[in-house]
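A.B. asks: Below you'll find the structure I mean.
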Amino acid sequence: MKQLTIIAIAVLFSITQLMAGETTWKFDKSHSSVQFEATHMVISTVTGNFKIFEGTVVTNGDNMSGAKIDFTVDVGSINTDNKKRDNHLKGDDFFNAKKYPKMEFKSTSLKKVSGKNYKLTGYLTIRDVKKKVVLDVKYNGQAKDPMGNIRAGFKITGEIDRFEYGLKWNKIMEAGGLMVGKDIGININVEIMRKAGKK
């Protein structure tokens, strides 16, 4: 019994120490962007972005390896500089923003590959469909701003198959190609911030 009590205390101490070392970072949305691109009629690329999003990063100290990342996007904020197309994308042919207003990403791992390069693995949910994705991350390091806040920057890129998430609208062209490509490129620039000396 005494030995079990000692083990329990040791485990609790370890958990407490781990939690004490956690650092929470918030997305600085004014210096971040969530962009995407899709092929149109095979011959060109259309780009767009989401205007409203939220995110947090939790690290062990300032070490980014193993960071936990939660990210939410407001689907209704989609913008491709074409109102008619944006309304179509918000409808049931694509996102159905009324029924599924949010896209969510939750990480399972962030691992350093080499130098500034990392692999980010997690689950992306669109229209209540949850799929595992692996994204490329370039970590640009940290800096202190004039107000004393510690900031870090990332560039996240990757590709998803929209058909897997139920975004299946399309038309077949005379030559046989798809009007809108099924593979969607992801290009996210993120700046996160914590106050100097704060954990």
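Each chain in the structure tokens gets a letter, A, B and so on, in the order shown; residues start at 1 in every chain, and ligands are counted from 1 in the order they appear.
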If you run DSSP on this backbone, which residues of segment 24-155 of chain A come out as strand (DSSP E), and could you give them as a ChimeraX atom specification?
C.D. replies: /A:24-27,33-40,44-50,53-60,63-74,78-79,102-114,117-126,129-144,149-155
A.B. asks: Counting only C-alpha atoms, which of A:Asp136, A:Glu54, A:Asp70, A:Asp93 gets nearest to Leu124 of chain A?
C.D. replies: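 Nearest to Leu124 of chain A: A:Asp70.
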A.B. asks: Can you pull out the residues contacting Ser30 of chain A? Cut-off 12 Å, using only C-alpha atoms, and skip same-chain residues under 3 positions away; I want them as an MDAnalysis selection string.
C.D. replies: chainID A and resid 26:27 33:34 51:54 189:193
A.B. asks: Give me a file of those residues, with N, CA and C atoms, as an mmCIF file, in the first residue's frame.
C.D. replies:
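The resulting file, part_6.cif, is shown below:
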data_model
loop_
_atom_site.group_PDB
_atom_site.id
_atom_site.type_symbol
_atom_site.label_atom_id
_atom_site.label_comp_id
_atom_site.auth_asym_id
_atom_site.auth_seq_id
_atom_site.Cartn_x
_atom_site.Cartn_y
_atom_site.Cartn_z
ATOM 1 N N LYS A 26 -1.326 32.488 -28.586
ATOM 2 C CA LYS A 26 -2.550 32.831 -29.306
ATOM 3 C C LYS A 26 -2.210 33.291 -30.724
ATOM 4 N N PHE A 27 -3.080 32.969 -31.667
ATOM 5 C CA PHE A 27 -2.900 33.444 -33.032
ATOM 6 C C PHE A 27 -3.019 34.977 -33.058
ATOM 7 N N SER A 33 -2.803 34.428 -42.068
ATOM 8 C CA SER A 33 -3.742 34.268 -43.185
ATOM 9 C C SER A 33 -3.986 32.792 -43.450
ATOM 10 N N VAL A 34 -5.213 32.489 -43.912
ATOM 11 C CA VAL A 34 -5.606 31.121 -44.251
ATOM 12 C C VAL A 34 -6.047 31.129 -45.706
ATOM 13 N N LYS A 51 -11.616 34.751 -43.913
ATOM 14 C CA LYS A 51 -11.357 35.981 -43.174
ATOM 15 C C LYS A 51 -11.417 35.804 -41.650
ATOM 16 N N ILE A 52 -12.196 34.810 -41.193
ATOM 17 C CA ILE A 52 -12.394 34.641 -39.748
ATOM 18 C C ILE A 52 -11.873 33.277 -39.311
ATOM 19 N N PHE A 53 -10.979 33.280 -38.341
ATOM 20 C CA PHE A 53 -10.409 32.038 -37.814
ATOM 21 C C PHE A 53 -9.851 32.295 -36.414
ATOM 22 N N GLU A 54 -9.703 31.214 -35.663
ATOM 23 C CA GLU A 54 -9.168 31.283 -34.307
ATOM 24 C C GLU A 54 -8.184 30.131 -34.118
ATOM 25 N N ASN A 189 -0.244 31.067 -43.277
ATOM 26 C CA ASN A 189 0.821 31.793 -42.580
ATOM 27 C C ASN A 189 0.313 32.173 -41.199
ATOM 28 N N VAL A 190 1.054 31.791 -40.185
ATOM 29 C CA VAL A 190 0.597 32.000 -38.810
ATOM 30 C C VAL A 190 1.659 32.711 -37.987
ATOM 31 N N GLU A 191 1.230 33.748 -37.278
ATOM 32 C CA GLU A 191 2.071 34.376 -36.273
ATOM 33 C C GLU A 191 1.380 34.200 -34.932
ATOM 34 N N ILE A 192 2.088 33.619 -33.974
ATOM 35 C CA ILE A 192 1.517 33.392 -32.647
ATOM 36 C C ILE A 192 2.260 34.249 -31.629
ATOM 37 N N MET A 193 1.607 34.516 -30.508
ATOM 38 C CA MET A 193 2.168 35.463 -29.557
ATOM 39 C C MET A 193 1.935 35.023 -28.112
#
A.B. asks: Excluding Glu37 of chain A and its own-chain neighbours fewer than 3 positions away, which residues fall within 8 Å of it when counting only C-alpha atoms? Please give them as an NGL selection string.
C.D. replies: :A and (45-48 or 184-186)
